[in-house]
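Data block for entry03.cif (mmCIF, N, CA and C atoms):
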```cif
data_entry
loop_
_atom_site.label_atom_id
_atom_site.label_comp_id
_atom_site.auth_asym_id
_atom_site.auth_seq_id
_atom_site.Cartn_x
_atom_site.Cartn_y
_atom_site.Cartn_z
N MET A 1 8.43 18.67 -2.07
CA MET A 1 9.65 19.11 -2.71
C MET A 1 10.79 18.19 -2.29
N ASP A 2 11.62 17.85 -3.23
CA ASP A 2 12.76 16.98 -2.97
C ASP A 2 13.84 17.77 -2.26
N GLN A 3 14.06 17.49 -0.94
CA GLN A 3 15.03 18.21 -0.10
C GLN A 3 16.45 18.11 -0.64
N SER A 4 16.80 17.03 -1.32
CA SER A 4 18.16 16.85 -1.80
C SER A 4 18.52 17.82 -2.92
N LYS A 5 17.54 18.43 -3.56
CA LYS A 5 17.81 19.36 -4.65
C LYS A 5 17.77 20.81 -4.20
N VAL A 6 17.48 21.06 -2.94
CA VAL A 6 17.44 22.41 -2.41
C VAL A 6 18.85 22.83 -2.00
N THR A 7 19.28 23.99 -2.47
CA THR A 7 20.59 24.51 -2.08
C THR A 7 20.39 25.42 -0.88
N LEU A 8 21.09 25.10 0.21
CA LEU A 8 21.00 25.88 1.43
C LEU A 8 22.23 26.75 1.57
N SER A 9 22.03 27.96 2.08
CA SER A 9 23.18 28.82 2.33
C SER A 9 23.09 29.38 3.74
N CYS A 10 24.25 29.65 4.31
CA CYS A 10 24.36 30.14 5.68
C CYS A 10 23.73 31.53 5.79
N ALA A 11 22.87 31.70 6.79
CA ALA A 11 22.22 32.99 7.01
C ALA A 11 23.20 34.06 7.44
N ASP A 12 24.37 33.67 7.98
CA ASP A 12 25.34 34.64 8.46
C ASP A 12 26.38 35.02 7.41
N CYS A 13 26.96 34.03 6.72
CA CYS A 13 28.07 34.33 5.80
C CYS A 13 27.74 34.04 4.34
N GLY A 14 26.66 33.32 4.07
CA GLY A 14 26.27 33.01 2.71
C GLY A 14 26.91 31.76 2.13
N LYS A 15 27.84 31.13 2.86
CA LYS A 15 28.50 29.92 2.38
C LYS A 15 27.49 28.78 2.25
N ARG A 16 27.72 27.90 1.32
CA ARG A 16 26.83 26.76 1.11
C ARG A 16 26.80 25.86 2.36
N VAL A 17 25.62 25.42 2.75
CA VAL A 17 25.43 24.51 3.88
C VAL A 17 25.07 23.15 3.29
N GLU A 18 25.89 22.16 3.61
CA GLU A 18 25.75 20.83 3.00
C GLU A 18 24.64 20.00 3.62
N THR A 19 24.45 20.09 4.93
CA THR A 19 23.45 19.25 5.60
C THR A 19 22.63 20.08 6.58
N LEU A 20 21.43 19.62 6.81
CA LEU A 20 20.55 20.24 7.79
C LEU A 20 19.99 19.11 8.64
N PRO A 21 20.09 19.13 9.95
CA PRO A 21 20.56 20.26 10.76
C PRO A 21 22.08 20.42 10.68
N THR A 22 22.51 21.59 11.11
CA THR A 22 23.94 21.81 11.29
C THR A 22 24.33 21.10 12.58
N ILE A 23 25.34 20.25 12.51
CA ILE A 23 25.74 19.45 13.67
C ILE A 23 27.19 19.74 14.01
N THR A 24 27.43 20.03 15.28
CA THR A 24 28.80 20.23 15.77
C THR A 24 28.80 19.99 17.27
N SER A 25 29.93 20.18 17.90
CA SER A 25 29.98 20.16 19.35
C SER A 25 30.72 21.40 19.80
N PHE A 26 30.30 21.92 20.95
CA PHE A 26 30.90 23.13 21.51
C PHE A 26 31.02 22.94 23.01
N GLN A 27 32.22 23.04 23.52
CA GLN A 27 32.51 22.85 24.94
C GLN A 27 31.80 21.60 25.49
N GLU A 28 32.02 20.50 24.78
CA GLU A 28 31.52 19.18 25.16
C GLU A 28 29.99 19.05 25.12
N GLN A 29 29.31 19.96 24.43
CA GLN A 29 27.87 19.85 24.22
C GLN A 29 27.60 19.63 22.74
N GLU A 30 26.75 18.66 22.43
CA GLU A 30 26.36 18.43 21.05
C GLU A 30 25.35 19.49 20.64
N VAL A 31 25.50 19.99 19.42
CA VAL A 31 24.61 21.02 18.90
C VAL A 31 23.99 20.52 17.61
N TYR A 32 22.66 20.55 17.53
CA TYR A 32 21.91 20.19 16.33
C TYR A 32 20.99 21.38 16.03
N LEU A 33 21.29 22.14 15.01
CA LEU A 33 20.53 23.36 14.73
C LEU A 33 19.84 23.27 13.38
N PHE A 34 18.51 23.32 13.40
CA PHE A 34 17.71 23.33 12.18
C PHE A 34 17.46 24.75 11.69
N HIS A 35 17.22 25.66 12.62
CA HIS A 35 16.88 27.04 12.25
C HIS A 35 17.54 28.00 13.21
N PRO A 36 18.20 29.00 12.73
CA PRO A 36 18.40 29.36 11.33
C PRO A 36 19.41 28.43 10.67
N VAL A 37 19.42 28.43 9.36
CA VAL A 37 20.39 27.64 8.61
C VAL A 37 21.73 28.38 8.67
N VAL A 38 22.72 27.77 9.30
CA VAL A 38 24.06 28.35 9.37
C VAL A 38 25.09 27.25 9.15
N CYS A 39 26.26 27.65 8.69
CA CYS A 39 27.36 26.68 8.52
C CYS A 39 27.99 26.39 9.88
N VAL A 40 28.79 25.35 9.95
CA VAL A 40 29.43 24.95 11.20
C VAL A 40 30.33 26.07 11.73
N ASP A 41 31.11 26.71 10.86
CA ASP A 41 32.00 27.78 11.30
C ASP A 41 31.23 28.92 11.96
N CYS A 42 30.13 29.34 11.35
CA CYS A 42 29.33 30.43 11.92
C CYS A 42 28.63 30.00 13.20
N LEU A 43 28.20 28.74 13.27
CA LEU A 43 27.57 28.25 14.49
C LEU A 43 28.55 28.26 15.66
N ILE A 44 29.76 27.82 15.43
CA ILE A 44 30.78 27.84 16.48
C ILE A 44 31.09 29.28 16.89
N LYS A 45 31.21 30.17 15.92
CA LYS A 45 31.46 31.59 16.21
C LYS A 45 30.32 32.17 17.05
N THR A 46 29.09 31.85 16.70
CA THR A 46 27.93 32.33 17.45
C THR A 46 27.93 31.78 18.87
N CYS A 47 28.28 30.50 19.02
CA CYS A 47 28.34 29.89 20.36
C CYS A 47 29.39 30.58 21.22
N LYS A 48 30.56 30.88 20.64
CA LYS A 48 31.62 31.57 21.39
C LYS A 48 31.18 32.95 21.81
N GLN A 49 30.48 33.64 20.93
CA GLN A 49 30.13 35.04 21.19
C GLN A 49 28.89 35.22 22.05
N TYR A 50 27.90 34.32 21.92
CA TYR A 50 26.60 34.59 22.53
C TYR A 50 26.13 33.57 23.57
N SER A 51 26.93 32.58 23.91
CA SER A 51 26.51 31.66 24.98
C SER A 51 26.40 32.44 26.29
N THR A 52 25.53 31.99 27.16
CA THR A 52 25.37 32.61 28.46
C THR A 52 25.49 31.53 29.53
N ILE A 53 25.46 31.91 30.77
CA ILE A 53 25.66 30.98 31.88
C ILE A 53 24.32 30.66 32.55
N CYS A 54 24.10 29.39 32.85
CA CYS A 54 22.94 28.95 33.62
C CYS A 54 23.18 29.34 35.08
N VAL A 55 22.23 30.07 35.66
CA VAL A 55 22.43 30.52 37.04
C VAL A 55 22.24 29.39 38.05
N ASN A 56 21.69 28.26 37.64
CA ASN A 56 21.54 27.14 38.57
C ASN A 56 22.75 26.22 38.58
N CYS A 57 23.27 25.84 37.42
CA CYS A 57 24.36 24.86 37.39
C CYS A 57 25.72 25.46 37.03
N GLY A 58 25.74 26.67 36.49
CA GLY A 58 26.99 27.32 36.13
C GLY A 58 27.56 26.91 34.78
N GLU A 59 26.90 26.00 34.07
CA GLU A 59 27.35 25.58 32.75
C GLU A 59 26.79 26.54 31.69
N ILE A 60 27.32 26.43 30.46
CA ILE A 60 26.87 27.35 29.42
C ILE A 60 25.52 26.93 28.85
N ILE A 61 24.80 27.94 28.40
CA ILE A 61 23.58 27.77 27.62
C ILE A 61 23.92 28.27 26.22
N LEU A 62 23.75 27.41 25.24
CA LEU A 62 24.09 27.76 23.88
C LEU A 62 23.00 28.59 23.22
N PRO A 63 23.37 29.43 22.27
CA PRO A 63 22.36 30.16 21.50
C PRO A 63 21.39 29.19 20.83
N TYR A 64 20.17 29.63 20.64
CA TYR A 64 19.08 28.87 20.03
C TYR A 64 18.61 27.73 20.92
N SER A 65 18.86 27.82 22.23
CA SER A 65 18.39 26.84 23.20
C SER A 65 17.17 27.38 23.93
N GLN A 66 16.25 26.50 24.28
CA GLN A 66 15.13 26.91 25.10
C GLN A 66 15.63 27.13 26.52
N VAL A 67 15.18 28.20 27.16
CA VAL A 67 15.63 28.54 28.51
C VAL A 67 14.44 28.84 29.42
N GLY A 68 14.64 28.59 30.72
CA GLY A 68 13.74 29.07 31.75
C GLY A 68 14.24 30.44 32.16
N VAL A 69 13.33 31.32 32.56
CA VAL A 69 13.70 32.69 32.88
C VAL A 69 13.36 32.98 34.34
N LEU A 70 14.36 33.44 35.09
CA LEU A 70 14.18 33.85 36.47
C LEU A 70 14.27 35.37 36.54
N LYS A 71 13.49 35.96 37.42
CA LYS A 71 13.57 37.41 37.61
C LYS A 71 14.70 37.70 38.59
N GLY A 72 15.71 38.44 38.12
CA GLY A 72 16.86 38.76 38.95
C GLY A 72 16.72 40.11 39.62
N ASN A 73 17.79 40.56 40.23
CA ASN A 73 17.80 41.86 40.89
C ASN A 73 17.67 42.98 39.87
N ASP A 74 17.07 44.08 40.28
CA ASP A 74 16.91 45.27 39.45
C ASP A 74 16.22 44.98 38.13
N GLY A 75 15.32 43.99 38.08
CA GLY A 75 14.55 43.69 36.89
C GLY A 75 15.28 42.93 35.80
N GLU A 76 16.53 42.54 36.05
CA GLU A 76 17.26 41.78 35.03
C GLU A 76 16.76 40.35 35.00
N SER A 77 16.85 39.73 33.84
CA SER A 77 16.47 38.33 33.70
C SER A 77 17.71 37.45 33.86
N GLN A 78 17.50 36.30 34.47
CA GLN A 78 18.55 35.28 34.59
C GLN A 78 18.02 34.03 33.92
N PHE A 79 18.92 33.22 33.37
CA PHE A 79 18.50 32.10 32.53
C PHE A 79 18.97 30.77 33.09
N VAL A 80 18.14 29.73 32.89
CA VAL A 80 18.45 28.38 33.32
C VAL A 80 18.14 27.41 32.18
N HIS A 81 18.85 26.27 32.18
CA HIS A 81 18.55 25.21 31.22
C HIS A 81 17.12 24.70 31.43
N MET A 82 16.50 24.24 30.38
CA MET A 82 15.17 23.63 30.48
C MET A 82 15.33 22.13 30.72
N THR A 83 15.98 21.78 31.84
CA THR A 83 16.14 20.39 32.25
C THR A 83 15.54 20.24 33.65
N THR A 84 15.25 19.03 34.04
CA THR A 84 14.65 18.82 35.36
C THR A 84 15.59 19.22 36.48
N SER A 85 16.90 19.14 36.27
CA SER A 85 17.83 19.51 37.33
C SER A 85 18.03 21.02 37.44
N CYS A 86 17.81 21.75 36.39
CA CYS A 86 18.06 23.20 36.42
C CYS A 86 16.77 24.04 36.48
N LEU A 87 15.71 23.55 35.92
CA LEU A 87 14.51 24.37 35.74
C LEU A 87 13.71 24.45 37.03
N THR A 88 13.89 25.52 37.77
CA THR A 88 13.15 25.72 39.01
C THR A 88 11.92 26.59 38.82
N VAL A 89 11.76 27.15 37.62
CA VAL A 89 10.64 28.07 37.39
C VAL A 89 9.42 27.37 36.81
N GLY A 90 9.49 26.04 36.64
CA GLY A 90 8.40 25.35 35.96
C GLY A 90 8.36 25.83 34.52
N SER A 91 7.22 25.77 33.89
CA SER A 91 7.13 26.24 32.51
C SER A 91 6.46 27.60 32.43
N ALA A 92 6.30 28.29 33.56
CA ALA A 92 5.60 29.56 33.57
C ALA A 92 6.39 30.68 32.90
N PHE A 93 7.69 30.63 32.94
CA PHE A 93 8.53 31.66 32.36
C PHE A 93 9.57 30.98 31.47
N HIS A 94 9.42 31.11 30.16
CA HIS A 94 10.39 30.47 29.28
C HIS A 94 10.47 31.20 27.94
N GLY A 95 11.55 30.92 27.23
CA GLY A 95 11.77 31.50 25.92
C GLY A 95 12.94 30.80 25.27
N TYR A 96 13.54 31.47 24.29
CA TYR A 96 14.72 30.94 23.61
C TYR A 96 15.85 31.93 23.74
N TRP A 97 17.05 31.42 24.04
CA TRP A 97 18.24 32.25 24.11
C TRP A 97 18.75 32.40 22.68
N GLY A 98 18.80 33.63 22.20
CA GLY A 98 19.26 33.88 20.83
C GLY A 98 20.67 34.41 20.82
N LYS A 99 20.95 35.31 19.92
CA LYS A 99 22.27 35.92 19.82
C LYS A 99 22.38 37.04 20.85
N GLY A 100 22.62 36.64 22.11
CA GLY A 100 22.79 37.61 23.17
C GLY A 100 21.52 38.23 23.70
N GLN A 101 20.38 37.65 23.37
CA GLN A 101 19.12 38.20 23.87
C GLN A 101 18.07 37.10 23.98
N LEU A 102 17.06 37.37 24.80
CA LEU A 102 15.96 36.45 25.00
C LEU A 102 14.96 36.63 23.86
N LEU A 103 14.57 35.52 23.23
CA LEU A 103 13.60 35.55 22.13
C LEU A 103 12.36 34.77 22.51
N ASP A 104 11.23 35.16 21.95
CA ASP A 104 9.96 34.43 22.13
C ASP A 104 9.67 34.15 23.60
N PHE A 105 9.79 35.16 24.44
CA PHE A 105 9.56 34.99 25.88
C PHE A 105 8.07 34.85 26.17
N LEU A 106 7.72 33.85 26.97
CA LEU A 106 6.34 33.64 27.40
C LEU A 106 6.29 33.70 28.93
N GLU A 107 5.32 34.42 29.42
CA GLU A 107 5.09 34.50 30.86
C GLU A 107 3.64 34.09 31.09
N ILE A 108 3.45 32.91 31.68
CA ILE A 108 2.12 32.38 31.90
C ILE A 108 1.76 32.60 33.35
N GLU A 109 0.73 33.38 33.58
CA GLU A 109 0.32 33.67 34.96
C GLU A 109 -0.44 32.49 35.53
N ALA A 110 -0.14 32.14 36.75
CA ALA A 110 -0.84 31.05 37.44
C ALA A 110 -2.21 31.54 37.90
N CYS A 111 -3.18 30.67 37.88
CA CYS A 111 -4.55 31.03 38.32
C CYS A 111 -4.68 30.85 39.81
#
```
Represent the structure from my file as structure tokens, please.
Amino acid sequence: MDQSKVTLSCADCGKRVETLPTITSFQEQEVYLFHPVVCVDCLIKTCKQYSTICVNCGEIILPYSQVGVLKGNDGESQFVHMTTSCLTVGSAFHGYWGKGQLLDFLEIEAC
């Protein structure tokens, strides 16, 4: 299928989306989002509302980012960037940070 003839619309507001991925920057971080399809305005709004803090470096983790998951106090989950400097959990506990919640969480037990 010819991608140039496909009309894309924002999953949040319905406005036409001109390019995919949606590209913007938020708090000095570049954002390239393929899925879900959202416009720049809605992506920035989502970043403002649903970003969380990395417990290792203290910087923000943007929505739709892959995260490492640490088990915190009282059963709460804490999140870290999936980078070599932040990821202390290895790949055993990981998922995606969505709109204020952990998505597609995987917990791989070591043998």
Can you pull out the residues contacting region 34-41 of chain A? Cut-off 6.5 Å, using all atoms listed in the file, and skip same-chain residues under 2 positions away; I want them as a PDB file with N, CA and C atoms, keeping the file's coordinate frame.
```
ATOM      1  N   SER A   9      22.030  27.960   2.080  1.00  0.00           N
ATOM      2  CA  SER A   9      23.180  28.820   2.330  1.00  0.00           C
ATOM      3  C   SER A   9      23.090  29.380   3.740  1.00  0.00           C
ATOM      4  N   CYS A  10      24.250  29.650   4.310  1.00  0.00           N
ATOM      5  CA  CYS A  10      24.360  30.140   5.680  1.00  0.00           C
ATOM      6  C   CYS A  10      23.730  31.530   5.790  1.00  0.00           C
ATOM      7  N   ALA A  11      22.870  31.700   6.790  1.00  0.00           N
ATOM      8  CA  ALA A  11      22.220  32.990   7.010  1.00  0.00           C
ATOM      9  C   ALA A  11      23.200  34.060   7.440  1.00  0.00           C
ATOM     10  N   ASP A  12      24.370  33.670   7.980  1.00  0.00           N
ATOM     11  CA  ASP A  12      25.340  34.640   8.460  1.00  0.00           C
ATOM     12  C   ASP A  12      26.380  35.020   7.410  1.00  0.00           C
ATOM     13  N   ARG A  16      27.720  27.900   1.320  1.00  0.00           N
ATOM     14  CA  ARG A  16      26.830  26.760   1.110  1.00  0.00           C
ATOM     15  C   ARG A  16      26.800  25.860   2.360  1.00  0.00           C
ATOM     16  N   VAL A  17      25.620  25.420   2.750  1.00  0.00           N
ATOM     17  CA  VAL A  17      25.430  24.510   3.880  1.00  0.00           C
ATOM     18  C   VAL A  17      25.070  23.150   3.290  1.00  0.00           C
ATOM     19  N   LEU A  20      21.430  19.620   6.810  1.00  0.00           N
ATOM     20  CA  LEU A  20      20.550  20.240   7.790  1.00  0.00           C
ATOM     21  C   LEU A  20      19.990  19.110   8.640  1.00  0.00           C
ATOM     22  N   PRO A  21      20.090  19.130   9.950  1.00  0.00           N
ATOM     23  CA  PRO A  21      20.560  20.260  10.760  1.00  0.00           C
ATOM     24  C   PRO A  21      22.080  20.420  10.680  1.00  0.00           C
ATOM     25  N   THR A  22      22.510  21.590  11.110  1.00  0.00           N
ATOM     26  CA  THR A  22      23.940  21.810  11.290  1.00  0.00           C
ATOM     27  C   THR A  22      24.330  21.100  12.580  1.00  0.00           C
ATOM     28  N   ILE A  23      25.340  20.250  12.510  1.00  0.00           N
ATOM     29  CA  ILE A  23      25.740  19.450  13.670  1.00  0.00           C
ATOM     30  C   ILE A  23      27.190  19.740  14.010  1.00  0.00           C
ATOM     31  N   TYR A  32      22.660  20.550  17.530  1.00  0.00           N
ATOM     32  CA  TYR A  32      21.910  20.190  16.330  1.00  0.00           C
ATOM     33  C   TYR A  32      20.990  21.380  16.030  1.00  0.00           C
ATOM     34  N   LEU A  43      28.200  28.740  13.270  1.00  0.00           N
ATOM     35  CA  LEU A  43      27.570  28.250  14.490  1.00  0.00           C
ATOM     36  C   LEU A  43      28.550  28.260  15.660  1.00  0.00           C
ATOM     37  N   ILE A  44      29.760  27.820  15.430  1.00  0.00           N
ATOM     38  CA  ILE A  44      30.780  27.840  16.480  1.00  0.00           C
ATOM     39  C   ILE A  44      31.090  29.280  16.890  1.00  0.00           C
ATOM     40  N   LYS A  45      31.210  30.170  15.920  1.00  0.00           N
ATOM     41  CA  LYS A  45      31.460  31.590  16.210  1.00  0.00           C
ATOM     42  C   LYS A  45      30.320  32.170  17.050  1.00  0.00           C
ATOM     43  N   THR A  46      29.090  31.850  16.700  1.00  0.00           N
ATOM     44  CA  THR A  46      27.930  32.330  17.450  1.00  0.00           C
ATOM     45  C   THR A  46      27.930  31.780  18.870  1.00  0.00           C
TER      46      THR A  46
END
```
Using only C-alpha atoms, find the one residue out of A:Thr19, A:His81, A:Leu102, A:Cys42 that sits nearest to Cys54 (chain A).
->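 Comparing A:Thr19, A:His81, A:Leu102, A:Cys42 against Cys54 (chain A), the winner is A:His81.
The residue set within 12 Å of Gly58 (chain A), counting only C-alpha atoms and dropping same-chain residues fewer than 2 places from it, reads Ser51, Thr52, Ile53, Cys54, Val55, Asn56, Ile60, Ile61, Gln78, Phe79, Val80, His81 and Cys86 of chain A.
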Return as AutoDock Vina command-line options the centre and edge lengths, in Å with one decimal, of the box along x, y and z that encloses every atom of region 37-54 of chain A in the file, padded by 3 Å per side.
```
--center_x 25.7 --center_y 30.1 --center_z 21.8 --size_x 18.6 --size_y 16.3 --size_z 32.6
```
Apply DSSP to the structure's backbone, then extract all residues of region 2-88 of chain A labelled alpha helix (DSSP H) and return them as a ChimeraX atom specification.
-> /A:40-50
